[in-house]
$ cat structure_8.txt   # compact mmCIF, C-alpha atoms
# COMPACT_ATOMS: atom_id res chain seq x y z
CA MET L 1 -12.63 18.20 -0.52
CA LYS L 2 -8.90 18.81 -0.40
CA ASN L 3 -6.78 17.53 -3.24
CA ASN L 4 -4.39 14.60 -2.91
CA LEU L 5 -1.35 16.72 -2.30
CA GLU L 6 -2.85 18.80 0.50
CA ASN L 7 -4.14 15.66 2.15
CA PHE L 8 -0.73 14.11 2.18
CA ILE L 9 1.22 17.12 3.32
CA ASP L 10 -0.80 17.38 6.55
CA THR L 11 1.21 14.43 7.75
CA GLU L 12 -0.13 13.68 11.19
CA ASN L 13 -3.83 14.01 10.43
CA CYS L 14 -3.84 12.95 6.82
CA PRO L 15 -6.97 10.83 6.30
CA VAL L 16 -5.65 9.36 3.08
CA ARG L 17 -2.50 8.15 4.75
CA GLN L 18 -4.48 6.68 7.61
CA VAL L 19 -6.25 4.47 5.11
CA LEU L 20 -3.27 3.82 2.85
CA ASP L 21 -1.19 2.80 5.86
CA ARG L 22 -3.30 -0.32 5.78
CA PHE L 23 -1.67 -1.22 2.49
CA GLY L 24 1.69 -1.31 4.16
CA ASP L 25 0.35 -4.40 5.87
CA LYS L 26 0.62 -7.20 3.35
CA TRP L 27 -1.51 -9.54 5.46
CA SER L 28 -4.47 -7.17 5.37
CA ILE L 29 -4.35 -6.97 1.59
CA LEU L 30 -4.07 -10.73 1.39
CA VAL L 31 -7.03 -11.32 3.74
CA ILE L 32 -9.18 -8.86 1.76
CA ILE L 33 -8.33 -10.60 -1.53
CA ILE L 34 -9.00 -14.06 -0.09
CA LEU L 35 -12.34 -13.06 1.42
CA GLY L 36 -13.19 -11.35 -1.86
CA GLU L 37 -12.76 -14.68 -3.65
CA LYS L 38 -14.09 -17.08 -1.02
CA GLU L 39 -16.81 -14.84 0.49
CA VAL L 40 -17.10 -16.60 3.89
CA LEU L 41 -14.31 -18.26 5.83
CA ARG L 42 -13.57 -19.50 9.31
CA PHE L 43 -10.36 -18.58 11.10
CA SER L 44 -8.85 -22.03 10.51
CA GLU L 45 -9.69 -21.89 6.81
CA LEU L 46 -8.07 -18.47 6.42
CA SER L 47 -5.03 -19.71 8.30
CA GLN L 48 -4.79 -22.77 6.04
CA ILE L 49 -5.13 -20.79 2.78
CA ILE L 50 -2.48 -18.24 3.77
CA GLY L 51 -0.23 -20.97 5.10
CA ASN L 52 2.74 -19.04 6.43
CA ILE L 53 1.04 -16.67 8.88
CA SER L 54 1.20 -17.14 12.65
CA GLN L 55 -2.02 -17.51 14.63
CA LYS L 56 -1.18 -14.30 16.46
CA MET L 57 -0.53 -12.26 13.32
CA LEU L 58 -3.74 -13.49 11.71
CA THR L 59 -5.68 -12.58 14.85
CA VAL L 60 -4.20 -9.07 14.90
CA THR L 61 -4.86 -8.59 11.19
CA LEU L 62 -8.49 -9.70 11.48
CA ARG L 63 -9.06 -7.45 14.49
CA LYS L 64 -7.71 -4.40 12.68
CA LEU L 65 -9.81 -5.06 9.60
CA GLU L 66 -12.85 -5.62 11.81
CA ALA L 67 -12.15 -2.38 13.71
CA ASP L 68 -11.96 -0.52 10.39
CA GLY L 69 -15.30 -2.04 9.44
CA LEU L 70 -13.78 -3.74 6.38
CA LEU L 71 -14.81 -7.20 7.52
CA SER L 72 -17.39 -8.62 9.86
CA ARG L 73 -16.96 -11.36 12.40
CA GLN L 74 -19.96 -13.57 13.09
CA LEU L 75 -19.94 -15.85 16.11
CA TYR L 76 -22.23 -18.89 16.12
CA PRO L 77 -22.58 -20.20 19.69
CA GLU L 78 -22.20 -23.84 18.82
CA ILE L 79 -19.96 -26.39 20.48
CA PRO L 80 -17.22 -25.85 19.50
CA PRO L 81 -18.05 -22.19 18.67
CA ARG L 82 -17.97 -21.31 14.99
CA VAL L 83 -16.63 -17.92 13.86
CA GLU L 84 -17.03 -16.72 10.31
CA TYR L 85 -15.44 -13.78 8.57
CA ARG L 86 -16.67 -11.97 5.49
CA LEU L 87 -16.14 -8.60 3.81
CA THR L 88 -18.55 -5.83 4.73
CA ARG L 89 -20.04 -3.50 2.15
CA LEU L 90 -17.12 -1.16 2.89
CA GLY L 91 -14.56 -3.93 2.39
CA LYS L 92 -16.22 -4.98 -0.86
CA GLY L 93 -15.90 -1.37 -2.03
CA LEU L 94 -12.16 -1.50 -1.45
CA LEU L 95 -11.77 -4.82 -3.25
CA PRO L 96 -11.87 -3.56 -6.88
CA LEU L 97 -9.15 -1.01 -6.10
CA ILE L 98 -6.92 -3.75 -4.76
CA THR L 99 -7.79 -5.90 -7.78
CA ASP L 100 -6.80 -3.03 -10.10
CA LEU L 101 -3.51 -2.67 -8.27
CA THR L 102 -2.72 -6.37 -8.47
CA ALA L 103 -3.66 -6.39 -12.16
CA TRP L 104 -1.31 -3.47 -12.75
CA ALA L 105 1.39 -5.25 -10.76
CA ASN L 106 0.95 -8.46 -12.76
CA LYS L 107 1.15 -6.56 -16.02
CA ASN L 108 4.23 -4.54 -15.08
CA ILE L 109 6.25 -6.73 -12.74
CA GLU L 110 8.54 -8.02 -15.49
CA THR L 111 9.40 -4.51 -16.58
CA ILE L 112 10.01 -3.43 -13.00
CA GLN L 113 12.20 -6.46 -12.26
CA LYS L 114 14.16 -5.78 -15.45
CA ASN L 115 14.58 -2.15 -14.43
CA ARG L 116 15.79 -3.18 -11.00
CA ARG L 117 18.34 -5.58 -12.43
CA ARG L 118 19.55 -2.93 -14.83
CA ALA L 119 19.88 -0.48 -11.94
CA GLY L 120 21.99 -3.10 -10.19
CA VAL L 121 19.80 -3.00 -7.15
CA ARG L 122 19.97 -5.99 -4.88
CA VAL L 123 16.62 -7.35 -3.75
CA SER L 124 17.79 -7.01 -0.15
CA GLU L 125 18.09 -3.25 -0.61
CA ILE L 126 14.62 -2.92 -2.07
CA HIS L 127 12.98 -5.28 0.37
CA PRO L 128 14.87 -5.20 3.65
CA LYS L 129 13.72 -7.75 6.21
CA LYS L 130 11.40 -5.94 8.57
CA MET U 1 -1.73 -15.38 -15.86
CA LYS U 2 -2.25 -16.59 -12.32
CA ASN U 3 -5.11 -15.15 -10.34
CA ASN U 4 -4.66 -12.79 -7.41
CA LEU U 5 -4.87 -15.46 -4.79
CA GLU U 6 -2.26 -17.75 -6.32
CA ASN U 7 0.06 -14.82 -6.80
CA PHE U 8 -0.17 -13.88 -3.16
CA ILE U 9 0.16 -17.34 -1.70
CA ASP U 10 3.55 -17.88 -3.35
CA THR U 11 4.91 -15.58 -0.69
CA GLU U 12 8.58 -15.31 -1.46
CA ASN U 13 8.35 -14.88 -5.22
CA CYS U 14 5.00 -13.16 -5.45
CA PRO U 15 5.31 -10.50 -8.17
CA VAL U 16 2.23 -8.69 -6.97
CA ARG U 17 3.60 -8.37 -3.48
CA GLN U 18 6.92 -7.17 -4.80
CA VAL U 19 5.12 -4.25 -6.38
CA LEU U 20 2.60 -3.67 -3.60
CA ASP U 21 5.41 -3.61 -1.05
CA ARG U 22 6.16 -0.24 -2.53
CA PHE U 23 2.85 0.99 -1.11
CA GLY U 24 4.03 0.20 2.37
CA ASP U 25 6.40 3.08 1.84
CA LYS U 26 4.38 6.23 2.35
CA TRP U 27 7.15 8.44 0.95
CA SER U 28 7.07 6.65 -2.40
CA ILE U 29 3.35 7.19 -2.73
CA LEU U 30 3.74 10.83 -1.77
CA VAL U 31 6.56 11.42 -4.29
CA ILE U 32 4.52 9.79 -7.07
CA ILE U 33 1.50 11.97 -6.26
CA ILE U 34 3.57 15.16 -6.10
CA LEU U 35 5.36 14.43 -9.39
CA GLY U 36 1.99 13.56 -10.91
CA GLU U 37 0.76 17.04 -10.06
CA LYS U 38 3.92 19.10 -10.62
CA GLU U 39 5.42 17.09 -13.53
CA VAL U 40 9.07 18.17 -13.11
CA LEU U 41 10.84 18.93 -9.84
CA ARG U 42 14.33 19.34 -8.50
CA PHE U 43 15.46 17.58 -5.33
CA SER U 44 15.26 20.77 -3.29
CA GLU U 45 11.74 21.49 -4.54
CA LEU U 46 10.53 17.99 -3.65
CA SER U 47 12.14 18.34 -0.24
CA GLN U 48 10.43 21.69 0.31
CA ILE U 49 6.97 20.46 -0.76
CA ILE U 50 7.10 17.37 1.46
CA GLY U 51 8.54 19.38 4.33
CA ASN U 52 9.08 16.76 6.99
CA ILE U 53 11.31 14.29 5.16
CA SER U 54 15.05 13.97 5.83
CA GLN U 55 17.50 14.48 2.97
CA LYS U 56 18.63 10.87 3.39
CA MET U 57 15.11 9.41 3.30
CA LEU U 58 14.22 11.44 0.22
CA THR U 59 17.42 10.27 -1.50
CA VAL U 60 16.65 6.61 -0.71
CA THR U 61 13.04 6.99 -1.86
CA LEU U 62 14.03 8.60 -5.16
CA ARG U 63 16.67 5.94 -5.82
CA LYS U 64 14.20 3.12 -5.27
CA LEU U 65 11.61 4.70 -7.54
CA GLU U 66 14.30 5.32 -10.16
CA ALA U 67 15.50 1.70 -9.88
CA ASP U 68 11.92 0.52 -10.41
CA GLY U 69 11.73 2.73 -13.47
CA LEU U 70 8.82 4.71 -12.00
CA LEU U 71 10.65 8.01 -12.22
CA SER U 72 13.56 9.36 -14.22
CA ARG U 73 16.45 11.45 -13.01
CA GLN U 74 17.92 13.94 -15.44
CA LEU U 75 21.27 15.54 -14.65
CA TYR U 76 22.12 18.85 -16.32
CA PRO U 77 25.87 19.48 -16.02
CA GLU U 78 25.59 23.11 -15.06
CA ILE U 79 27.32 24.89 -12.21
CA PRO U 80 25.88 24.11 -9.76
CA PRO U 81 24.57 20.86 -11.33
CA ARG U 82 20.83 20.73 -11.84
CA VAL U 83 18.96 17.44 -11.28
CA GLU U 84 15.33 17.04 -12.30
CA TYR U 85 12.89 14.26 -11.49
CA ARG U 86 9.76 13.34 -13.40
CA LEU U 87 7.49 10.31 -13.68
CA THR U 88 8.26 7.85 -16.45
CA ARG U 89 5.55 6.35 -18.63
CA LEU U 90 5.45 3.44 -16.14
CA GLY U 91 5.07 5.80 -13.18
CA LYS U 92 2.33 7.73 -14.96
CA GLY U 93 0.51 4.41 -15.46
CA LEU U 94 0.56 3.79 -11.73
CA LEU U 95 -0.67 7.29 -10.89
CA PRO U 96 -4.41 6.78 -11.64
CA LEU U 97 -4.47 3.69 -9.38
CA ILE U 98 -3.02 5.73 -6.53
CA THR U 99 -5.47 8.51 -7.30
CA ASP U 100 -8.36 6.02 -7.15
CA LEU U 101 -7.12 4.77 -3.80
CA THR U 102 -6.80 8.25 -2.34
CA ALA U 103 -10.26 9.14 -3.66
CA TRP U 104 -11.68 6.03 -1.98
CA ALA U 105 -9.80 6.92 1.20
CA ASN U 106 -11.14 10.48 1.16
CA LYS U 107 -14.67 9.23 0.64
CA ASN U 108 -14.55 6.58 3.37
CA ILE U 109 -12.20 7.90 6.01
CA GLU U 110 -15.00 9.29 8.18
CA THR U 111 -16.77 5.95 8.22
CA ILE U 112 -13.54 4.13 9.01
CA GLN U 113 -12.64 6.52 11.81
CA LYS U 114 -16.15 6.16 13.24
CA ASN U 115 -15.83 2.38 13.05
CA ARG U 116 -12.46 2.51 14.81
CA ARG U 117 -13.84 4.69 17.60
CA ARG U 118 -16.80 2.37 18.00
CA ALA U 119 -14.46 -0.61 18.19
CA GLY U 120 -12.60 1.22 20.94
CA VAL U 121 -9.34 0.90 19.12
CA ARG U 122 -6.63 3.31 20.11
CA VAL U 123 -4.83 4.96 17.22
CA SER U 124 -1.55 3.75 18.68
CA GLU U 125 -2.67 0.15 18.21
CA ILE U 126 -3.63 0.67 14.60
CA HIS U 127 -0.62 2.80 13.70
CA PRO U 128 2.29 1.79 15.90
CA LYS U 129 5.35 4.01 15.57
CA LYS U 130 7.70 2.28 13.16
$ encode --input "structure_8.txt" --output "C-alpha cells"
Amino acid sequence: MKNNLENFIDTENCPVRQVLDRFGDKWSILVIIILGEKEVLRFSELSQIIGNISQKMLTVTLRKLEADGLLSRQLYPEIPPRVEYRLTRLGKGLLPLITDLTAWANKNIETIQKNRRRAGVRVSEIHPKK
Amino acid sequence: MKNNLENFIDTENCPVRQVLDRFGDKWSILVIIILGEKEVLRFSELSQIIGNISQKMLTVTLRKLEADGLLSRQLYPEIPPRVEYRLTRLGKGLLPLITDLTAWANKNIETIQKNRRRAGVRVSEIHPKK
C-alpha cells in the first residue's frame, strides 16, 4: 500500500482524494450523520430534518451516496410508494471517522475562531459563497 | 456540548461545519499531510512536492491554514529571506484524523469504485470540474 503522500501526489488517479472529495460536500456528511443517528428515514423525513436543502440537492446527494454504496435505498411498492434510506455496512464504517472529526471540530472551534480573529481574516475570505 | 446533529442543523453558525469546510479544500489536506511527514518545509519545497499547484493557490492555502492556527510561518531575515512552515500543536492534533480518513479511503476505495461502476455513474457526474 502506498503511503499518504504518494497517494495524494498522483493527483488524477488518487484513490484517497476520490473518497475525500466526498467530504467537500457538506450535504453528504450531514446525511451520513443523520442516518447514523436515526438509522432509517424516508426522503421527506430527511428533507424535514435538514430543513434548508432543496429537493433537487437532496436527491443528488442521496444518489451519489447510494452510488458509492454508503447508503441503501429500499422501495416499498405501496400506494403511495414508500422509500427508505439507511447506511450500509460501508457507510457505518465511515461514520466513526466523521464522528471523530466533528468531535475534534467541537473541541477546537473556539481556538480556531480566536486564531482567525487574531489573524484579521474576514469570514467571507475563509468561506467564500460557492 | 451539542450533539453532532444539532451542530449541523444550525447551518449558518455551525462550528463543526466551519472546521469541516476546510476538508472541502483538497490543497489544505494535502499540505497538512505533507507537513506531517516532512515536519519543516520552505515554500519552494512545498511547491515542488505538490507539483501541480499554482504559486497563488499555494499562497492562499498556506495563509488560510496559518489564520486557522494549523500551521506556523517562520521568517528568517536572511538574504534572500527564508520562510519555513510547520504544523502547530493544533495542526498536529488534526493530523491523525486525516490519517485515519486516508487509511479508510485506501482500504475501501476499490469497493467504492466497484459500487460506482455498478451504479453506472460516470466519474464526471461524481466529480464535476470545479
$ residues_around --input "structure_8.txt" --residues "stretch 72-79 of chain U" --least-positions-apart "2" --cutoff "10 Å" --atoms "all atoms listed in the file" --output "ChimeraX atom specification"
/U:40-43,62-63,65-70,81-89,91
$ atom_distance --input "structure_8.txt" --atom1 "atom CA of U:Ala119" --atom2 "atom CA of L:Ser28"
17.5 Å
$ closest_residue --input "structure_8.txt" --among "U:Gln113, U:Gly120, U:Val31, U:Leu97" --to "U:Gly51" --atoms "all atoms listed in the file"
U:Val31
$ residues_around --input "structure_8.txt" --residues "U:Ile49" --least-positions-apart "3" --cutoff "9 Å" --atoms "only C-alpha atoms" --output "list in words"
Ile9 of chain L; Ile34, Ser44, Glu45, Leu46 and Asn52 of chain U
$ closest_residue --input "structure_8.txt" --among "U:Leu58, U:Ile50, U:Leu71, U:Ile29" --to "chain L" --atoms "all atoms listed in the file"
U:Ile50
$ axis_aligned_box --input "structure_8.txt" --around "stretch 90-99 of chain U" --padding-each-side "6 Å" --output "AutoDock Vina command-line options"
--center_x 0.0 --center_y 6.0 --center_z -11.3 --size_x 22.9 --size_y 17.1 --size_z 21.6
$ atom_distance --input "structure_8.txt" --atom1 "atom CA of L:Lys64" --atom2 "atom CA of L:Leu94"
15.1 Å
$ closest_residue --input "structure_8.txt" --among "L:Ile33, L:Lys56, L:Lys92, L:Glu39" --to "chain U" --atoms "all atoms listed in the file"
L:Ile33
$ decode --input "structure_8.txt" --residues "stretch 107-123 of chain U" --atoms "all heavy atoms" --output "PDB file, in the first residue's frame"
ATOM      1  N   LYS U 107      -8.414   1.670   2.159  1.00  0.00           N
ATOM      2  CA  LYS U 107      -8.948   0.330   2.392  1.00  0.00           C
ATOM      3  C   LYS U 107     -10.221   0.096   1.578  1.00  0.00           C
ATOM      4  O   LYS U 107     -10.497  -1.017   1.142  1.00  0.00           O
ATOM      5  CB  LYS U 107      -9.242   0.179   3.891  1.00  0.00           C
ATOM      6  CG  LYS U 107      -9.557  -1.233   4.333  1.00  0.00           C
ATOM      7  CD  LYS U 107      -9.787  -1.276   5.838  1.00  0.00           C
ATOM      8  CE  LYS U 107     -10.654  -2.466   6.212  1.00  0.00           C
ATOM      9  NZ  LYS U 107     -11.301  -2.290   7.519  1.00  0.00           N
ATOM     10  N   ASN U 108     -11.004   1.161   1.368  1.00  0.00           N
ATOM     11  CA  ASN U 108     -12.338   0.979   0.795  1.00  0.00           C
ATOM     12  C   ASN U 108     -12.522   1.515  -0.615  1.00  0.00           C
ATOM     13  O   ASN U 108     -13.601   1.382  -1.184  1.00  0.00           O
ATOM     14  CB  ASN U 108     -13.378   1.624   1.721  1.00  0.00           C
ATOM     15  CG  ASN U 108     -13.468   0.894   3.045  1.00  0.00           C
ATOM     16  OD1 ASN U 108     -13.987  -0.216   3.115  1.00  0.00           O
ATOM     17  ND2 ASN U 108     -12.933   1.504   4.093  1.00  0.00           N
ATOM     18  N   ILE U 109     -11.462   2.088  -1.181  1.00  0.00           N
ATOM     19  CA  ILE U 109     -11.630   2.733  -2.479  1.00  0.00           C
ATOM     20  C   ILE U 109     -12.034   1.725  -3.570  1.00  0.00           C
ATOM     21  O   ILE U 109     -12.862   2.032  -4.434  1.00  0.00           O
ATOM     22  CB  ILE U 109     -10.367   3.517  -2.905  1.00  0.00           C
ATOM     23  CG1 ILE U 109     -10.611   4.268  -4.221  1.00  0.00           C
ATOM     24  CG2 ILE U 109      -9.149   2.625  -3.033  1.00  0.00           C
ATOM     25  CD1 ILE U 109     -11.669   5.321  -4.138  1.00  0.00           C
ATOM     26  N   GLU U 110     -11.487   0.515  -3.501  1.00  0.00           N
ATOM     27  CA  GLU U 110     -11.827  -0.466  -4.534  1.00  0.00           C
ATOM     28  C   GLU U 110     -13.308  -0.816  -4.488  1.00  0.00           C
ATOM     29  O   GLU U 110     -13.971  -0.917  -5.510  1.00  0.00           O
ATOM     30  CB  GLU U 110     -10.976  -1.731  -4.377  1.00  0.00           C
ATOM     31  CG  GLU U 110      -9.573  -1.556  -4.917  1.00  0.00           C
ATOM     32  CD  GLU U 110      -8.779  -2.849  -4.887  1.00  0.00           C
ATOM     33  OE1 GLU U 110      -9.393  -3.939  -4.977  1.00  0.00           O
ATOM     34  OE2 GLU U 110      -7.546  -2.781  -4.760  1.00  0.00           O
ATOM     35  N   THR U 111     -13.811  -1.010  -3.284  1.00  0.00           N
ATOM     36  CA  THR U 111     -15.235  -1.293  -3.115  1.00  0.00           C
ATOM     37  C   THR U 111     -16.082  -0.146  -3.638  1.00  0.00           C
ATOM     38  O   THR U 111     -17.060  -0.349  -4.366  1.00  0.00           O
ATOM     39  CB  THR U 111     -15.555  -1.519  -1.615  1.00  0.00           C
ATOM     40  OG1 THR U 111     -14.730  -2.564  -1.134  1.00  0.00           O
ATOM     41  CG2 THR U 111     -17.014  -1.882  -1.417  1.00  0.00           C
ATOM     42  N   ILE U 112     -15.696   1.070  -3.287  1.00  0.00           N
ATOM     43  CA  ILE U 112     -16.457   2.245  -3.711  1.00  0.00           C
ATOM     44  C   ILE U 112     -16.427   2.401  -5.227  1.00  0.00           C
ATOM     45  O   ILE U 112     -17.458   2.675  -5.859  1.00  0.00           O
ATOM     46  CB  ILE U 112     -15.924   3.516  -2.998  1.00  0.00           C
ATOM     47  CG1 ILE U 112     -16.300   3.467  -1.509  1.00  0.00           C
ATOM     48  CG2 ILE U 112     -16.465   4.785  -3.650  1.00  0.00           C
ATOM     49  CD1 ILE U 112     -15.732   4.590  -0.680  1.00  0.00           C
ATOM     50  N   GLN U 113     -15.263   2.194  -5.812  1.00  0.00           N
ATOM     51  CA  GLN U 113     -15.167   2.303  -7.279  1.00  0.00           C
ATOM     52  C   GLN U 113     -16.008   1.226  -7.962  1.00  0.00           C
ATOM     53  O   GLN U 113     -16.647   1.468  -8.980  1.00  0.00           O
ATOM     54  CB  GLN U 113     -13.702   2.200  -7.712  1.00  0.00           C
ATOM     55  CG  GLN U 113     -12.907   3.465  -7.399  1.00  0.00           C
ATOM     56  CD  GLN U 113     -11.429   3.340  -7.690  1.00  0.00           C
ATOM     57  OE1 GLN U 113     -10.880   2.235  -7.661  1.00  0.00           O
ATOM     58  NE2 GLN U 113     -10.768   4.460  -7.945  1.00  0.00           N
ATOM     59  N   LYS U 114     -16.000   0.034  -7.377  1.00  0.00           N
ATOM     60  CA  LYS U 114     -16.814  -1.068  -7.921  1.00  0.00           C
ATOM     61  C   LYS U 114     -18.293  -0.707  -7.810  1.00  0.00           C
ATOM     62  O   LYS U 114     -19.069  -0.896  -8.754  1.00  0.00           O
ATOM     63  CB  LYS U 114     -16.506  -2.357  -7.146  1.00  0.00           C
ATOM     64  CG  LYS U 114     -16.874  -3.631  -7.864  1.00  0.00           C
ATOM     65  CD  LYS U 114     -16.258  -4.846  -7.161  1.00  0.00           C
ATOM     66  CE  LYS U 114     -16.796  -4.990  -5.741  1.00  0.00           C
ATOM     67  NZ  LYS U 114     -16.148  -6.111  -5.001  1.00  0.00           N
ATOM     68  N   ASN U 115     -18.676  -0.169  -6.659  1.00  0.00           N
ATOM     69  CA  ASN U 115     -20.070   0.257  -6.467  1.00  0.00           C
ATOM     70  C   ASN U 115     -20.476   1.309  -7.499  1.00  0.00           C
ATOM     71  O   ASN U 115     -21.564   1.258  -8.058  1.00  0.00           O
ATOM     72  CB  ASN U 115     -20.265   0.835  -5.057  1.00  0.00           C
ATOM     73  CG  ASN U 115     -20.171  -0.216  -3.967  1.00  0.00           C
ATOM     74  OD1 ASN U 115     -20.380  -1.407  -4.224  1.00  0.00           O
ATOM     75  ND2 ASN U 115     -19.858   0.202  -2.761  1.00  0.00           N
ATOM     76  N   ARG U 116     -19.558   2.271  -7.723  1.00  0.00           N
ATOM     77  CA  ARG U 116     -19.868   3.349  -8.662  1.00  0.00           C
ATOM     78  C   ARG U 116     -20.044   2.797 -10.074  1.00  0.00           C
ATOM     79  O   ARG U 116     -20.950   3.210 -10.800  1.00  0.00           O
ATOM     80  CB  ARG U 116     -18.750   4.403  -8.665  1.00  0.00           C
ATOM     81  CG  ARG U 116     -18.777   5.286  -7.447  1.00  0.00           C
ATOM     82  CD  ARG U 116     -17.649   6.305  -7.484  1.00  0.00           C
ATOM     83  NE  ARG U 116     -17.606   7.062  -6.238  1.00  0.00           N
ATOM     84  CZ  ARG U 116     -16.602   7.846  -5.868  1.00  0.00           C
ATOM     85  NH1 ARG U 116     -15.550   7.992  -6.645  1.00  0.00           N
ATOM     86  NH2 ARG U 116     -16.637   8.493  -4.727  1.00  0.00           N
ATOM     87  N   ARG U 117     -19.154   1.869 -10.448  1.00  0.00           N
ATOM     88  CA  ARG U 117     -19.282   1.280 -11.792  1.00  0.00           C
ATOM     89  C   ARG U 117     -20.603   0.528 -11.913  1.00  0.00           C
ATOM     90  O   ARG U 117     -21.298   0.617 -12.902  1.00  0.00           O
ATOM     91  CB  ARG U 117     -18.108   0.334 -12.071  1.00  0.00           C
ATOM     92  CG  ARG U 117     -16.831   1.049 -12.503  1.00  0.00           C
ATOM     93  CD  ARG U 117     -15.830   0.072 -13.100  1.00  0.00           C
ATOM     94  NE  ARG U 117     -15.420  -0.956 -12.145  1.00  0.00           N
ATOM     95  CZ  ARG U 117     -14.397  -0.819 -11.289  1.00  0.00           C
ATOM     96  NH1 ARG U 117     -13.693   0.291 -11.263  1.00  0.00           N
ATOM     97  NH2 ARG U 117     -14.079  -1.798 -10.459  1.00  0.00           N
ATOM     98  N   ARG U 118     -20.934  -0.209 -10.862  1.00  0.00           N
ATOM     99  CA  ARG U 118     -22.170  -0.985 -10.888  1.00  0.00           C
ATOM    100  C   ARG U 118     -23.383  -0.061 -10.988  1.00  0.00           C
ATOM    101  O   ARG U 118     -24.384  -0.377 -11.642  1.00  0.00           O
ATOM    102  CB  ARG U 118     -22.268  -1.856  -9.636  1.00  0.00           C
ATOM    103  CG  ARG U 118     -23.396  -2.881  -9.709  1.00  0.00           C
ATOM    104  CD  ARG U 118     -23.556  -3.617  -8.391  1.00  0.00           C
ATOM    105  NE  ARG U 118     -22.343  -4.341  -8.020  1.00  0.00           N
ATOM    106  CZ  ARG U 118     -21.933  -4.529  -6.760  1.00  0.00           C
ATOM    107  NH1 ARG U 118     -22.627  -4.013  -5.754  1.00  0.00           N
ATOM    108  NH2 ARG U 118     -20.841  -5.201  -6.497  1.00  0.00           N
ATOM    109  N   ALA U 119     -23.285   1.086 -10.334  1.00  0.00           N
ATOM    110  CA  ALA U 119     -24.395   2.041 -10.376  1.00  0.00           C
ATOM    111  C   ALA U 119     -24.432   2.782 -11.714  1.00  0.00           C
ATOM    112  O   ALA U 119     -25.350   3.559 -11.964  1.00  0.00           O
ATOM    113  CB  ALA U 119     -24.268   3.033  -9.222  1.00  0.00           C
ATOM    114  N   GLY U 120     -23.408   2.542 -12.533  1.00  0.00           N
ATOM    115  CA  GLY U 120     -23.392   3.177 -13.847  1.00  0.00           C
ATOM    116  C   GLY U 120     -23.191   4.668 -13.776  1.00  0.00           C
ATOM    117  O   GLY U 120     -23.641   5.422 -14.629  1.00  0.00           O
ATOM    118  N   VAL U 121     -22.476   5.078 -12.734  1.00  0.00           N
ATOM    119  CA  VAL U 121     -22.263   6.508 -12.566  1.00  0.00           C
ATOM    120  C   VAL U 121     -20.973   6.901 -13.270  1.00  0.00           C
ATOM    121  O   VAL U 121     -19.943   6.288 -13.073  1.00  0.00           O
ATOM    122  CB  VAL U 121     -22.147   6.859 -11.069  1.00  0.00           C
ATOM    123  CG1 VAL U 121     -21.888   8.338 -10.889  1.00  0.00           C
ATOM    124  CG2 VAL U 121     -23.408   6.441 -10.361  1.00  0.00           C
ATOM    125  N   ARG U 122     -21.074   7.911 -14.097  1.00  0.00           N
ATOM    126  CA  ARG U 122     -19.866   8.421 -14.751  1.00  0.00           C
ATOM    127  C   ARG U 122     -19.083   9.254 -13.755  1.00  0.00           C
ATOM    128  O   ARG U 122     -19.644   9.953 -12.927  1.00  0.00           O
ATOM    129  CB  ARG U 122     -20.237   9.287 -15.959  1.00  0.00           C
ATOM    130  CG  ARG U 122     -20.830   8.486 -17.108  1.00  0.00           C
ATOM    131  CD  ARG U 122     -20.852   9.332 -18.362  1.00  0.00           C
ATOM    132  NE  ARG U 122     -21.644  10.531 -18.189  1.00  0.00           N
ATOM    133  CZ  ARG U 122     -22.963  10.599 -18.367  1.00  0.00           C
ATOM    134  NH1 ARG U 122     -23.640   9.530 -18.742  1.00  0.00           N
ATOM    135  NH2 ARG U 122     -23.598  11.731 -18.192  1.00  0.00           N
ATOM    136  N   VAL U 123     -17.751   9.151 -13.860  1.00  0.00           N
ATOM    137  CA  VAL U 123     -16.892   9.897 -12.947  1.00  0.00           C
ATOM    138  C   VAL U 123     -17.196  11.390 -13.029  1.00  0.00           C
ATOM    139  O   VAL U 123     -17.174  12.104 -12.033  1.00  0.00           O
ATOM    140  CB  VAL U 123     -15.404   9.641 -13.280  1.00  0.00           C
ATOM    141  CG1 VAL U 123     -14.493  10.582 -12.484  1.00  0.00           C
ATOM    142  CG2 VAL U 123     -15.061   8.201 -12.961  1.00  0.00           C
TER     143      VAL U 123
END
